[in-house]
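Structure file target_6.cif (mmCIF, C-alpha atoms and all ligand atoms) follows.
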data_data
loop_
_atom_site.label_atom_id
_atom_site.label_comp_id
_atom_site.auth_asym_id
_atom_site.auth_seq_id
_atom_site.Cartn_x
_atom_site.Cartn_y
_atom_site.Cartn_z
CA MET A 686 -71.04 8.78 75.90
CA LYS A 687 -69.86 12.17 74.61
CA ILE A 688 -72.25 14.50 72.81
CA LEU A 689 -71.31 17.62 70.89
CA VAL A 690 -74.21 20.08 71.01
CA THR A 691 -74.02 23.12 68.72
CA GLY A 692 -75.94 26.31 69.47
CA GLY A 693 -76.40 25.29 73.10
CA CYS A 694 -76.42 28.88 74.38
CA GLY A 695 -79.62 29.60 72.46
CA PHE A 696 -83.19 28.99 73.53
CA ILE A 697 -83.85 25.33 72.71
CA GLY A 698 -80.24 24.14 72.91
CA SER A 699 -79.86 25.36 76.49
CA HIS A 700 -83.00 23.49 77.58
CA PHE A 701 -81.73 20.39 75.78
CA ILE A 702 -78.36 20.47 77.53
CA ARG A 703 -80.06 20.83 80.91
CA LEU A 704 -82.35 17.88 80.10
CA VAL A 705 -79.45 15.65 79.06
CA LEU A 706 -77.30 16.46 82.09
CA ARG A 707 -80.28 15.90 84.39
CA SER A 708 -81.60 12.69 82.88
CA ARG A 709 -78.53 10.89 81.46
CA ARG A 710 -75.93 10.49 84.18
CA ASP A 711 -73.39 8.75 81.90
CA VAL A 712 -73.34 11.48 79.23
CA ARG A 713 -70.83 14.32 78.86
CA VAL A 714 -71.86 17.37 76.86
CA THR A 715 -69.65 19.80 74.97
CA ASN A 716 -71.50 22.93 73.92
CA LEU A 717 -70.09 24.60 70.80
CA ASP A 718 -71.55 28.03 70.26
CA ALA A 719 -70.51 31.10 68.26
CA LEU A 720 -72.34 33.41 70.70
CA THR A 721 -74.18 35.44 68.13
CA TYR A 722 -76.71 38.02 69.35
CA ALA A 723 -78.99 35.05 70.23
CA GLY A 724 -76.40 33.05 72.16
CA ASN A 725 -76.59 33.83 75.85
CA PRO A 726 -74.23 31.96 78.21
CA GLU A 727 -76.44 33.11 81.06
CA ASN A 728 -79.01 30.57 79.83
CA LEU A 729 -76.71 27.83 81.17
CA ARG A 730 -75.38 29.53 84.26
CA ASP A 731 -76.86 26.77 86.46
CA VAL A 732 -74.87 23.97 84.76
CA GLU A 733 -71.58 25.77 84.17
CA LYS A 734 -69.88 24.15 87.13
CA GLU A 735 -71.12 20.68 86.24
CA ARG A 736 -68.12 18.39 85.58
CA ARG A 737 -69.85 16.69 82.63
CA TYR A 738 -70.31 20.01 80.81
CA ALA A 739 -67.80 21.99 78.74
CA PHE A 740 -68.18 25.10 76.62
CA VAL A 741 -66.28 25.69 73.39
CA HIS A 742 -66.45 29.02 71.67
CA GLY A 743 -66.46 28.76 67.88
CA SER A 744 -68.51 28.65 64.75
CA ILE A 745 -69.87 25.82 62.62
CA VAL A 746 -68.93 27.84 59.55
CA ASP A 747 -65.24 27.40 60.47
CA PRO A 748 -64.20 23.97 59.11
CA ASP A 749 -60.69 24.01 60.63
CA PHE A 750 -62.10 24.68 64.05
CA LEU A 751 -64.68 21.91 63.59
CA GLU A 752 -61.96 19.53 62.48
CA ARG A 753 -60.00 20.18 65.68
CA THR A 754 -63.09 19.95 67.88
CA ALA A 755 -64.46 16.79 66.27
CA GLY A 756 -60.99 15.29 66.57
CA GLU A 757 -61.57 15.08 70.32
CA GLY A 758 -63.93 12.20 69.58
CA PHE A 759 -67.69 12.43 70.00
CA ASP A 760 -70.27 9.66 69.89
CA ALA A 761 -73.04 12.00 68.78
CA VAL A 762 -73.65 15.48 67.39
CA VAL A 763 -76.86 17.45 67.93
CA ASN A 764 -77.06 20.51 65.70
CA PHE A 765 -79.15 23.40 67.04
CA ALA A 766 -76.83 26.14 65.74
CA ALA A 767 -78.71 28.37 63.32
CA GLU A 768 -79.93 31.79 62.48
CA SER A 769 -83.50 31.23 63.61
CA HIS A 770 -85.63 34.34 63.16
CA VAL A 771 -87.76 34.66 60.00
CA ASP A 772 -87.90 38.48 60.10
CA ARG A 773 -84.10 38.74 60.20
CA SER A 774 -83.89 36.38 57.21
CA LEU A 775 -85.95 38.86 55.19
CA GLN A 776 -83.40 41.58 55.95
CA GLY A 777 -80.16 39.57 55.63
CA PRO A 778 -80.53 36.12 54.07
CA VAL A 779 -76.82 35.61 53.32
CA GLU A 780 -75.95 34.95 56.96
CA PHE A 781 -78.75 32.35 57.02
CA VAL A 782 -77.24 30.50 54.07
CA ARG A 783 -73.80 30.62 55.65
CA THR A 784 -74.83 29.35 59.07
CA ASN A 785 -77.79 27.11 58.32
CA VAL A 786 -76.65 25.47 55.09
CA GLN A 787 -72.88 25.86 54.92
CA GLY A 788 -72.44 25.42 58.67
CA THR A 789 -74.50 22.23 58.69
CA LEU A 790 -72.47 20.94 55.74
CA HIS A 791 -69.18 21.55 57.59
CA LEU A 792 -70.56 19.81 60.64
CA LEU A 793 -71.72 16.81 58.61
CA GLU A 794 -68.30 16.59 57.01
CA ALA A 795 -66.54 16.71 60.38
CA ALA A 796 -68.92 14.04 61.72
CA LYS A 797 -68.24 11.83 58.72
CA ARG A 798 -64.46 12.23 58.89
CA HIS A 799 -64.35 11.42 62.59
CA GLY A 800 -66.77 8.49 62.54
CA VAL A 801 -69.45 10.11 64.71
CA LYS A 802 -72.07 7.43 65.31
CA ARG A 803 -75.21 9.59 65.55
CA PHE A 804 -76.09 12.98 64.08
CA LEU A 805 -79.30 14.77 65.01
CA GLN A 806 -80.36 17.71 62.87
CA VAL A 807 -82.82 20.05 64.61
CA SER A 808 -85.16 21.29 61.89
CA THR A 809 -88.52 22.97 61.65
CA ASP A 810 -92.05 22.46 60.30
CA GLU A 811 -91.50 25.65 58.28
CA VAL A 812 -89.71 23.59 55.60
CA TYR A 813 -93.16 22.26 54.58
CA GLY A 814 -94.53 25.72 53.80
CA SER A 815 -98.05 26.90 54.58
CA LEU A 816 -101.26 24.90 55.09
CA PRO A 817 -104.88 25.60 54.10
CA PRO A 818 -107.41 25.62 56.99
CA GLU A 819 -107.53 21.79 57.03
CA GLY A 820 -104.86 19.10 57.25
CA ALA A 821 -101.46 18.75 58.92
CA PHE A 822 -97.84 18.21 57.86
CA THR A 823 -96.64 14.61 57.84
CA GLU A 824 -93.05 13.54 57.25
CA THR A 825 -93.90 12.85 53.59
CA THR A 826 -95.38 16.29 52.92
CA PRO A 827 -93.27 17.84 50.11
CA LEU A 828 -90.82 20.56 51.10
CA HIS A 829 -92.22 23.97 50.10
CA PRO A 830 -90.32 26.54 52.15
CA ASN A 831 -91.63 30.07 51.66
CA ASN A 832 -89.08 32.39 53.29
CA PRO A 833 -85.27 32.55 53.34
CA TYR A 834 -85.05 31.07 56.87
CA ALA A 835 -87.26 28.11 55.93
CA SER A 836 -85.40 27.59 52.63
CA THR A 837 -82.03 27.41 54.40
CA LYS A 838 -83.41 24.91 56.92
CA ALA A 839 -84.77 22.81 54.03
CA GLY A 840 -81.36 23.06 52.33
CA ALA A 841 -79.69 21.78 55.50
CA ASP A 842 -82.17 18.89 55.73
CA LEU A 843 -81.40 17.88 52.15
CA MET A 844 -77.68 17.97 52.89
CA VAL A 845 -78.25 15.67 55.89
CA ARG A 846 -80.17 13.33 53.59
CA ALA A 847 -77.24 13.28 51.16
CA TYR A 848 -74.80 12.30 53.92
CA VAL A 849 -77.07 9.45 55.03
CA HIS A 850 -77.60 8.15 51.52
CA THR A 851 -74.10 8.67 50.11
CA PHE A 852 -71.83 8.18 53.11
CA GLY A 853 -73.97 6.09 55.46
CA LEU A 854 -73.91 8.72 58.21
CA GLU A 855 -76.40 7.72 60.92
CA ALA A 856 -78.32 10.98 60.89
CA VAL A 857 -81.87 11.70 62.01
CA ILE A 858 -83.95 14.88 61.54
CA THR A 859 -86.61 16.31 63.84
CA ARG A 860 -89.02 18.95 62.55
CA SER A 861 -90.87 20.72 65.30
CA SER A 862 -93.56 23.35 65.37
CA ASN A 863 -93.15 26.74 67.11
CA ASN A 864 -91.51 26.41 70.52
CA TYR A 865 -92.29 28.53 73.55
CA GLY A 866 -90.98 28.61 77.11
CA PRO A 867 -88.53 30.45 79.38
CA GLN A 868 -85.36 32.07 78.00
CA GLN A 869 -86.53 32.55 74.41
CA TYR A 870 -84.92 35.56 72.78
CA PRO A 871 -87.46 38.38 73.03
CA GLU A 872 -87.69 38.95 69.29
CA LYS A 873 -89.95 35.91 68.85
CA PHE A 874 -93.71 36.30 69.12
CA ILE A 875 -94.49 35.09 72.65
CA PRO A 876 -91.53 36.58 74.58
CA LEU A 877 -91.79 39.81 72.56
CA PHE A 878 -95.46 40.23 73.43
CA VAL A 879 -94.93 39.32 77.09
CA THR A 880 -91.95 41.64 77.62
CA ASN A 881 -93.53 44.50 75.67
CA ALA A 882 -96.81 44.17 77.57
CA LEU A 883 -94.95 44.09 80.89
CA GLU A 884 -93.34 47.39 79.96
CA GLY A 885 -96.66 48.84 78.77
CA ARG A 886 -95.45 48.91 75.18
CA GLY A 887 -97.45 48.00 72.06
CA CYS A 888 -97.62 44.42 70.79
CA PRO A 889 -97.39 44.37 66.96
CA LEU A 890 -99.71 41.79 65.37
CA TYR A 891 -98.83 41.13 61.75
CA GLY A 892 -101.69 41.41 59.24
CA ASP A 893 -105.10 40.31 60.52
CA GLY A 894 -103.60 38.31 63.40
CA MET A 895 -105.31 35.14 62.16
CA HIS A 896 -102.16 33.26 61.19
CA VAL A 897 -102.16 29.93 62.99
CA ARG A 898 -99.21 28.40 64.83
CA ASP A 899 -99.05 25.04 66.63
CA TRP A 900 -97.29 25.73 69.95
CA LEU A 901 -94.96 23.16 71.48
CA HIS A 902 -93.40 23.62 74.90
CA VAL A 903 -89.62 23.70 74.61
CA GLU A 904 -89.20 20.90 77.15
CA ASP A 905 -91.51 18.66 75.12
CA ASN A 906 -89.44 19.39 72.03
CA CYS A 907 -86.21 18.57 73.89
CA ARG A 908 -87.64 15.26 75.09
CA GLY A 909 -88.55 14.48 71.47
CA ILE A 910 -85.09 15.41 70.21
CA LEU A 911 -83.47 13.17 72.82
CA ALA A 912 -85.82 10.30 71.94
CA ALA A 913 -84.99 10.73 68.24
CA LEU A 914 -81.26 10.80 69.04
CA GLU A 915 -81.51 7.58 71.03
CA LYS A 916 -84.19 5.66 69.14
CA GLY A 917 -84.60 7.28 65.72
CA LYS A 918 -83.84 5.28 62.58
CA PRO A 919 -81.00 6.70 60.43
CA GLY A 920 -82.34 8.67 57.47
CA GLU A 921 -85.74 9.18 59.07
CA VAL A 922 -87.56 12.43 59.82
CA TYR A 923 -89.74 12.85 62.94
CA ASN A 924 -92.32 15.62 63.22
CA LEU A 925 -92.81 17.01 66.73
CA GLY A 926 -95.86 19.16 67.43
CA GLY A 927 -97.81 20.28 70.45
CA GLY A 928 -101.33 19.87 69.03
CA ASN A 929 -101.98 23.45 70.15
CA GLU A 930 -103.12 25.31 67.05
CA ARG A 931 -103.98 28.92 67.84
CA PRO A 932 -104.48 32.06 65.74
CA ASN A 933 -101.92 34.65 66.87
CA LEU A 934 -104.68 36.99 68.00
CA GLU A 935 -105.96 34.36 70.44
CA THR A 936 -102.47 33.75 71.86
CA ALA A 937 -101.87 37.48 72.17
CA ARG A 938 -105.17 37.92 74.04
CA ALA A 939 -104.31 35.04 76.37
CA ILE A 940 -100.97 36.69 77.22
CA LEU A 941 -102.62 40.02 78.00
CA GLU A 942 -105.24 38.30 80.12
CA ILE A 943 -102.60 36.48 82.21
CA LEU A 944 -100.77 39.78 82.69
CA ASP A 945 -103.98 41.69 83.32
CA ARG A 946 -103.03 44.23 80.65
CA PRO A 947 -105.53 45.97 78.34
CA GLU A 948 -106.28 44.77 74.80
CA SER A 949 -105.51 48.29 73.62
CA LEU A 950 -101.82 47.25 73.68
CA LEU A 951 -102.48 45.14 70.56
CA GLN A 952 -101.44 46.97 67.41
CA PHE A 953 -102.33 45.59 63.99
CA VAL A 954 -99.35 46.34 61.77
CA LYS A 955 -98.40 45.66 58.15
CA ASP A 956 -98.15 41.94 57.42
CA ARG A 957 -94.81 40.12 57.20
CA PRO A 958 -93.93 39.55 53.51
CA GLY A 959 -94.59 35.93 52.52
CA HIS A 960 -96.17 35.23 55.92
CA ASP A 961 -97.18 31.54 56.15
CA ARG A 962 -100.86 31.32 57.04
CA ARG A 963 -101.03 28.11 59.00
CA TYR A 964 -98.79 25.38 60.42
CA ALA A 965 -100.05 22.14 61.95
CA ILE A 966 -98.12 18.99 62.73
CA ASP A 967 -99.10 15.35 62.54
CA CYS A 968 -96.76 13.60 64.97
CA THR A 969 -98.24 10.10 64.74
CA LYS A 970 -94.84 8.72 63.67
CA ALA A 971 -92.93 10.13 66.66
CA ARG A 972 -95.61 8.85 69.03
CA ARG A 973 -95.53 5.39 67.47
CA ASP A 974 -91.81 4.92 66.78
CA LEU A 975 -90.18 7.00 69.52
CA GLY A 976 -92.81 6.58 72.24
CA TRP A 977 -92.83 10.38 72.49
CA THR A 978 -95.80 12.48 73.41
CA PRO A 979 -96.07 16.18 74.24
CA GLU A 980 -96.87 16.54 77.94
CA VAL A 981 -97.34 20.25 78.64
CA PRO A 982 -100.90 21.55 78.05
CA PHE A 983 -100.76 24.93 76.31
CA ASP A 984 -102.82 26.80 78.89
CA ARG A 985 -100.54 25.75 81.74
CA GLY A 986 -97.35 26.09 79.67
CA LEU A 987 -98.26 29.59 78.51
CA ARG A 988 -99.20 30.72 82.01
CA GLU A 989 -95.93 29.38 83.48
CA THR A 990 -93.94 30.91 80.64
CA VAL A 991 -95.54 34.32 81.08
CA GLU A 992 -94.93 34.10 84.83
CA TRP A 993 -91.28 33.21 84.18
CA TYR A 994 -90.77 36.39 82.12
CA ARG A 995 -92.61 38.41 84.75
CA ALA A 996 -90.37 37.01 87.49
CA HIS A 997 -87.20 37.43 85.39
CA GLY A 998 -87.67 40.95 84.06
CA ASP A 999 -83.96 41.48 84.64
CA TRP A 1000 -83.16 38.68 82.18
CA ALA A 1001 -84.95 40.39 79.28
CA ALA A 1002 -83.70 43.81 80.37
CA ARG A 1003 -80.11 42.55 80.28
CA ILE A 1004 -80.59 41.18 76.78
CA ARG A 1005 -82.16 44.38 75.57
CA SER A 1006 -79.33 46.41 77.04
CA GLY A 1007 -76.60 43.98 75.97
CA GLU A 1008 -75.54 43.56 79.58
CA PHE A 1009 -75.28 39.81 79.28
CA ARG A 1010 -72.25 40.43 77.09
CA LYS A 1011 -70.49 41.87 80.10
CA TYR A 1012 -71.33 38.66 81.93
CA TYR A 1013 -69.77 36.72 79.09
CA GLU A 1014 -66.58 38.77 79.14
CA LYS A 1015 -66.26 38.26 82.87
CA GLN A 1016 -66.84 34.54 82.49
CA TYR A 1017 -64.72 33.79 79.45
CA GLY A 1018 -62.39 36.74 79.26
CA THR A 1019 -62.65 37.68 75.59
CA PRO A 1020 -64.34 40.91 74.58
CA PHE A 1021 -67.66 40.09 72.99
CA ALA A 1022 -67.21 42.57 70.15
CA LYS A 1023 -64.03 40.81 69.10
CA LEU A 1024 -65.75 37.45 69.07
CA SER A 1025 -68.57 38.72 66.88
CA LYS A 1026 -66.06 40.14 64.44
CA GLN A 1027 -64.12 36.91 64.31
CA ARG A 1028 -67.28 35.05 63.51
CA ALA A 1029 -68.36 37.47 60.81
CA GLY A 1030 -64.99 37.05 59.14
CA GLY A 1031 -65.00 33.26 59.62
CA GLY A 1032 -61.58 33.65 61.25
CA GLU A 1033 -59.84 31.82 64.01
CA SER A 1034 -61.99 30.83 66.97
CA THR A 1035 -60.90 31.01 70.57
CA PRO A 1036 -59.20 27.96 72.06
CA ILE A 1037 -61.23 25.48 74.02
CA ARG A 1038 -61.63 26.32 77.69
CA ARG A 1039 -62.42 23.30 79.73
CA LYS A 1040 -63.55 22.78 83.24
CA LYS A 1041 -61.10 20.89 85.41
CA LYS A 1042 -62.14 17.25 85.41
P1 LIG B 1 -81.73 30.68 68.92
O1 LIG B 1 -81.67 31.73 67.88
O2 LIG B 1 -82.31 30.99 70.25
O3 LIG B 1 -80.26 30.09 69.20
C1 LIG B 1 -79.36 29.81 68.16
C2 LIG B 1 -78.02 29.49 68.81
O4 LIG B 1 -77.11 29.11 67.76
C3 LIG B 1 -77.39 30.67 69.54
O5 LIG B 1 -76.84 30.26 70.77
C4 LIG B 1 -76.30 31.15 68.58
O6 LIG B 1 -75.22 31.78 69.24
C5 LIG B 1 -75.89 29.82 67.95
N1 LIG B 1 -75.25 29.99 66.63
C6 LIG B 1 -75.68 30.75 65.60
N2 LIG B 1 -74.82 30.66 64.57
C7 LIG B 1 -73.83 29.80 64.97
C8 LIG B 1 -72.67 29.29 64.35
N3 LIG B 1 -72.32 29.67 63.12
N4 LIG B 1 -71.91 28.41 65.02
C9 LIG B 1 -72.24 28.03 66.29
N5 LIG B 1 -73.32 28.52 66.93
C10 LIG B 1 -74.11 29.38 66.28
O7 LIG B 1 -82.50 29.46 68.23
P2 LIG B 1 -83.53 28.42 68.84
O8 LIG B 1 -84.88 29.01 68.82
O9 LIG B 1 -83.00 27.85 70.08
O10 LIG B 1 -83.51 27.32 67.70
C11 LIG B 1 -82.57 26.24 67.75
C12 LIG B 1 -82.77 25.35 66.53
O11 LIG B 1 -84.12 24.88 66.50
C13 LIG B 1 -82.54 26.08 65.20
O12 LIG B 1 -81.87 25.20 64.34
C14 LIG B 1 -83.95 26.36 64.70
O13 LIG B 1 -83.98 26.41 63.29
C15 LIG B 1 -84.70 25.18 65.24
N6 LIG B 1 -86.14 25.38 65.49
C16 LIG B 1 -86.55 26.42 66.29
C17 LIG B 1 -87.91 26.57 66.55
C18 LIG B 1 -88.41 27.67 67.46
O14 LIG B 1 -89.62 27.81 67.62
N7 LIG B 1 -87.55 28.45 68.10
C19 LIG B 1 -88.84 25.68 66.00
C20 LIG B 1 -88.38 24.64 65.20
C21 LIG B 1 -87.03 24.49 64.96
P1 LIG B 2 -92.30 33.97 65.19
O1 LIG B 2 -92.16 33.86 66.67
O2 LIG B 2 -91.41 34.93 64.47
O3 LIG B 2 -92.15 32.50 64.61
P2 LIG B 2 -92.42 31.95 63.09
O4 LIG B 2 -92.41 33.08 62.15
O5 LIG B 2 -91.23 31.09 62.93
O6 LIG B 2 -93.70 31.22 63.14
O7 LIG B 2 -93.79 34.37 64.85
C1 LIG B 2 -94.88 33.56 65.26
C2 LIG B 2 -96.14 34.15 64.64
O8 LIG B 2 -96.36 35.44 65.20
C3 LIG B 2 -96.03 34.35 63.15
O9 LIG B 2 -97.29 34.11 62.55
C4 LIG B 2 -95.66 35.81 63.01
C5 LIG B 2 -96.38 36.45 64.19
N1 LIG B 2 -95.73 37.65 64.75
C6 LIG B 2 -96.47 38.82 64.94
O10 LIG B 2 -97.67 38.89 64.64
N2 LIG B 2 -95.84 39.90 65.48
C7 LIG B 2 -94.52 39.89 65.82
O11 LIG B 2 -93.98 40.91 66.29
C8 LIG B 2 -93.77 38.67 65.64
C9 LIG B 2 -92.31 38.60 66.00
C10 LIG B 2 -94.44 37.57 65.10
#
So that I can check it, write out the structure of this file as C-alpha cells.
Amino acid sequence: MKILVTGGCGFIGSHFIRLVLRSRRDVRVTNLDALTYAGNPENLRDVEKERRYAFVHGSIVDPDFLERTAGEGFDAVVNFAAESHVDRSLQGPVEFVRTNVQGTLHLLEAAKRHGVKRFLQVSTDEVYGSLPPEGAFTETTPLHPNNPYASTKAGADLMVRAYVHTFGLEAVITRSSNNYGPQQYPEKFIPLFVTNALEGRGCPLYGDGMHVRDWLHVEDNCRGILAALEKGKPGEVYNLGGGNERPNLETARAILEILDRPESLLQFVKDRPGHDRRYAIDCTKARRDLGWTPEVPFDRGLRETVEWYRAHGDWAARIRSGEFRKYYEKQYGTPFAKLSKQRAGGGESTPIRRKKK
C-alpha cells in the first residue's frame, strides 16, 4: 500500500508518518511538504533513511505538481498540510484560504482524477465554534467557525463532503481537539509556554486565562487518524478528543510547576480577538465505530512533553534562530529562501528526490 501524506514535516504529520512506518510494515509513505516556516525536516530525521519513506518538496496549491505526484499512483492520501495557527490567521487570512481551502480542493481533484481509494482529511474541533460551560461537540453539531483559521478548515471539510457526495470519493474526516506533544512549533500555547519559561521569559496568557481547551496527546490523535483511514466509513466525520478539559491558566500553572519556575512568569495580556471560550469533544462515535480510545493521561503526557522540550532545548533554539533551514539546505540542496519564494508565487516545485530502493 502506498500513502501520500501532505504536511508530514509539521507537528502532527511527522508523528503520523513515524507511527505508520513503525506499525504497518507493508506500507510505503511519500511525504509531500512545502516546508513553510512550520515544516521542519528535522522532525523526521530518524526515518529519513528508511526505504519505505520518500520526501517530495512541493505545495498542495500547485495543481500541476499534484497532478504529476498523484500520477505515481497512491492508494490513499492523508492531508495534514495547512496553515494551522489561529493568531497568524488574524494577521494574514489570505494564505489560509489558499492553503487550507484551495490546496485541499486541488488535492481532492488530484485524488479523484487518479482513482485514489481513500482520502483522509485532518480537521479540527474549531470548525464547531465555541461552547457554553456545559456540553460537547458531536459530529452533528452545526459548523460555526469563529476565526479565519477555523473558517478555512470548515471550508475544506465542506469541499471534502462535496467530493464524496458528487464524485463518490471515499473520503473521511477527523476533527480533533488541541494536540500537544514533542516537536510542536513553539508558537502554540504549550510549547511556547514551556520554551519561554525555560528561558526565564514571560508567558502571555490571553484575557482572563479561563478559556478551556480539551488536550489530546499527538500520538493518540495519530492512532485515531490511522484508525479512521483504515476503518472509517466514506463521508463520515469522526471526532477525536482527549477528555482533558483544562482552563489555560491551570495548564500554564502545571507547566511552571513541572519546570519549578515561579508563577510570576505568567503575564495576563490583551485577549485574542474572537477568542473561542471553550472546546470539548464527544468522541463516542470514534470509540464505537473505530475502536479508538485516547491512551495518554494528561498529567503524564504533559510531564513527558515538558521534559522533552527541556531535554531538546537545542531543537527549539534552532527553530527560533532558523538554523534548521541550514540543515534542510545541507540535506536537500536547495536554498530555503528560494523554496519559500517559489511557494509564495505558486511556481514550479522542485523535482522529486527519492531514496534508492
Ligand atoms: P503544523 O503547522 O505544525 O504543520 C503544517 C505542515 O504543513 C508543515 O510541515 C508545512 O510545511 C506544511 N504545509 C503548509 N502549507 C503547505 C502547502 N501549501 N503544501 C504542502 N505542505 C504545506 O500543523 P499541525 O499542528 O501539525 O497540524 C496538522 C493538521 O492538523 C492541520 O491540518 C491542522 O489544521 C490540523 N489540526 C491541528 C491541531 C493542533 O492542535 N495542532 C488540532 C486539530 C487539527
Ligand atoms: P493555541 O495553541 O493557539 O491553539 P487554539 O487557538 O487552536 O486553541 O492556543 C491554545 C489556547 O491558549 C487558546 O485558548 C489561546 C491560548 N493562548 C494564550 O493564552 N497565550 C498564547 O500565547 C497562545 C499562543 C495561546
Check every protein, DNA and RNA residue against ligand LIG 1 (chain B), keep those with an atom at most 7 Å away (counting all atoms listed in the file), and present them as a PDB file with C-alpha atoms, in the frame of the given file.
ATOM      1  CA  THR A 691     -74.020  23.120  68.720  1.00  0.00           C
ATOM      2  CA  GLY A 692     -75.940  26.310  69.470  1.00  0.00           C
ATOM      3  CA  GLY A 693     -76.400  25.290  73.100  1.00  0.00           C
ATOM      4  CA  CYS A 694     -76.420  28.880  74.380  1.00  0.00           C
ATOM      5  CA  GLY A 695     -79.620  29.600  72.460  1.00  0.00           C
ATOM      6  CA  PHE A 696     -83.190  28.990  73.530  1.00  0.00           C
ATOM      7  CA  ILE A 697     -83.850  25.330  72.710  1.00  0.00           C
ATOM      8  CA  GLY A 698     -80.240  24.140  72.910  1.00  0.00           C
ATOM      9  CA  LEU A 717     -70.090  24.600  70.800  1.00  0.00           C
ATOM     10  CA  ASP A 718     -71.550  28.030  70.260  1.00  0.00           C
ATOM     11  CA  ALA A 719     -70.510  31.100  68.260  1.00  0.00           C
ATOM     12  CA  LEU A 720     -72.340  33.410  70.700  1.00  0.00           C
ATOM     13  CA  THR A 721     -74.180  35.440  68.130  1.00  0.00           C
ATOM     14  CA  TYR A 722     -76.710  38.020  69.350  1.00  0.00           C
ATOM     15  CA  ALA A 723     -78.990  35.050  70.230  1.00  0.00           C
ATOM     16  CA  GLY A 724     -76.400  33.050  72.160  1.00  0.00           C
ATOM     17  CA  ASN A 725     -76.590  33.830  75.850  1.00  0.00           C
ATOM     18  CA  GLY A 743     -66.460  28.760  67.880  1.00  0.00           C
ATOM     19  CA  SER A 744     -68.510  28.650  64.750  1.00  0.00           C
ATOM     20  CA  ILE A 745     -69.870  25.820  62.620  1.00  0.00           C
ATOM     21  CA  VAL A 746     -68.930  27.840  59.550  1.00  0.00           C
ATOM     22  CA  ASN A 764     -77.060  20.510  65.700  1.00  0.00           C
ATOM     23  CA  PHE A 765     -79.150  23.400  67.040  1.00  0.00           C
ATOM     24  CA  ALA A 766     -76.830  26.140  65.740  1.00  0.00           C
ATOM     25  CA  ALA A 767     -78.710  28.370  63.320  1.00  0.00           C
ATOM     26  CA  GLU A 768     -79.930  31.790  62.480  1.00  0.00           C
ATOM     27  CA  SER A 769     -83.500  31.230  63.610  1.00  0.00           C
ATOM     28  CA  HIS A 770     -85.630  34.340  63.160  1.00  0.00           C
ATOM     29  CA  THR A 784     -74.830  29.350  59.070  1.00  0.00           C
ATOM     30  CA  GLY A 788     -72.440  25.420  58.670  1.00  0.00           C
ATOM     31  CA  VAL A 807     -82.820  20.050  64.610  1.00  0.00           C
ATOM     32  CA  SER A 808     -85.160  21.290  61.890  1.00  0.00           C
ATOM     33  CA  THR A 809     -88.520  22.970  61.650  1.00  0.00           C
ATOM     34  CA  ASP A 810     -92.050  22.460  60.300  1.00  0.00           C
ATOM     35  CA  LYS A 838     -83.410  24.910  56.920  1.00  0.00           C
ATOM     36  CA  ARG A 860     -89.020  18.950  62.550  1.00  0.00           C
ATOM     37  CA  SER A 861     -90.870  20.720  65.300  1.00  0.00           C
ATOM     38  CA  SER A 862     -93.560  23.350  65.370  1.00  0.00           C
ATOM     39  CA  ASN A 863     -93.150  26.740  67.110  1.00  0.00           C
ATOM     40  CA  ASN A 864     -91.510  26.410  70.520  1.00  0.00           C
ATOM     41  CA  TYR A 865     -92.290  28.530  73.550  1.00  0.00           C
ATOM     42  CA  GLN A 869     -86.530  32.550  74.410  1.00  0.00           C
ATOM     43  CA  TYR A 870     -84.920  35.560  72.780  1.00  0.00           C
TER      44      TYR A 870
END
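Remark: residues at most 8 Å from position (-69.6, 16.0, 85.0) in file coordinates are A:Arg713, A:Glu735, A:Arg736, A:Arg737, A:Tyr738, A:Lys1042, using only C-alpha atoms.
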Once you have the residues from the selection above, write them out as a PDB file, keeping the file's coordinate frame, restricted to C-alpha atoms.
ATOM      1  CA  ARG A 713     -70.830  14.320  78.860  1.00  0.00           C
ATOM      2  CA  GLU A 735     -71.120  20.680  86.240  1.00  0.00           C
ATOM      3  CA  ARG A 736     -68.120  18.390  85.580  1.00  0.00           C
ATOM      4  CA  ARG A 737     -69.850  16.690  82.630  1.00  0.00           C
ATOM      5  CA  TYR A 738     -70.310  20.010  80.810  1.00  0.00           C
ATOM      6  CA  LYS A1042     -62.140  17.250  85.410  1.00  0.00           C
TER       7      LYS A1042
END
Go through the chains and note each residue within 9 Å of ligand LIG 2 (chain B), using all atoms listed in the file, then give the set as a compact mmCIF listing (two decimals) with C-alpha atoms, in the coordinates of the input.
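The new file part.txt reads:
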# COMPACT_ATOMS: atom_id res chain seq x y z
CA SER A 769 -83.50 31.23 63.61
CA HIS A 770 -85.63 34.34 63.16
CA VAL A 771 -87.76 34.66 60.00
CA ASP A 772 -87.90 38.48 60.10
CA THR A 809 -88.52 22.97 61.65
CA GLU A 811 -91.50 25.65 58.28
CA TYR A 834 -85.05 31.07 56.87
CA ALA A 835 -87.26 28.11 55.93
CA SER A 862 -93.56 23.35 65.37
CA ASN A 863 -93.15 26.74 67.11
CA ASN A 864 -91.51 26.41 70.52
CA TYR A 865 -92.29 28.53 73.55
CA PRO A 871 -87.46 38.38 73.03
CA GLU A 872 -87.69 38.95 69.29
CA LYS A 873 -89.95 35.91 68.85
CA PHE A 874 -93.71 36.30 69.12
CA ILE A 875 -94.49 35.09 72.65
CA PRO A 876 -91.53 36.58 74.58
CA LEU A 877 -91.79 39.81 72.56
CA PHE A 878 -95.46 40.23 73.43
CA CYS A 888 -97.62 44.42 70.79
CA PRO A 889 -97.39 44.37 66.96
CA LEU A 890 -99.71 41.79 65.37
CA TYR A 891 -98.83 41.13 61.75
CA GLY A 892 -101.69 41.41 59.24
CA ASP A 893 -105.10 40.31 60.52
CA GLY A 894 -103.60 38.31 63.40
CA MET A 895 -105.31 35.14 62.16
CA HIS A 896 -102.16 33.26 61.19
CA VAL A 897 -102.16 29.93 62.99
CA ARG A 898 -99.21 28.40 64.83
CA ASP A 899 -99.05 25.04 66.63
CA PRO A 932 -104.48 32.06 65.74
CA ASN A 933 -101.92 34.65 66.87
CA LEU A 934 -104.68 36.99 68.00
CA ALA A 937 -101.87 37.48 72.17
CA PHE A 953 -102.33 45.59 63.99
CA VAL A 954 -99.35 46.34 61.77
CA ASP A 956 -98.15 41.94 57.42
CA ARG A 957 -94.81 40.12 57.20
CA HIS A 960 -96.17 35.23 55.92
CA ASP A 961 -97.18 31.54 56.15
CA ARG A 962 -100.86 31.32 57.04
CA ARG A 963 -101.03 28.11 59.00
CA TYR A 964 -98.79 25.38 60.42
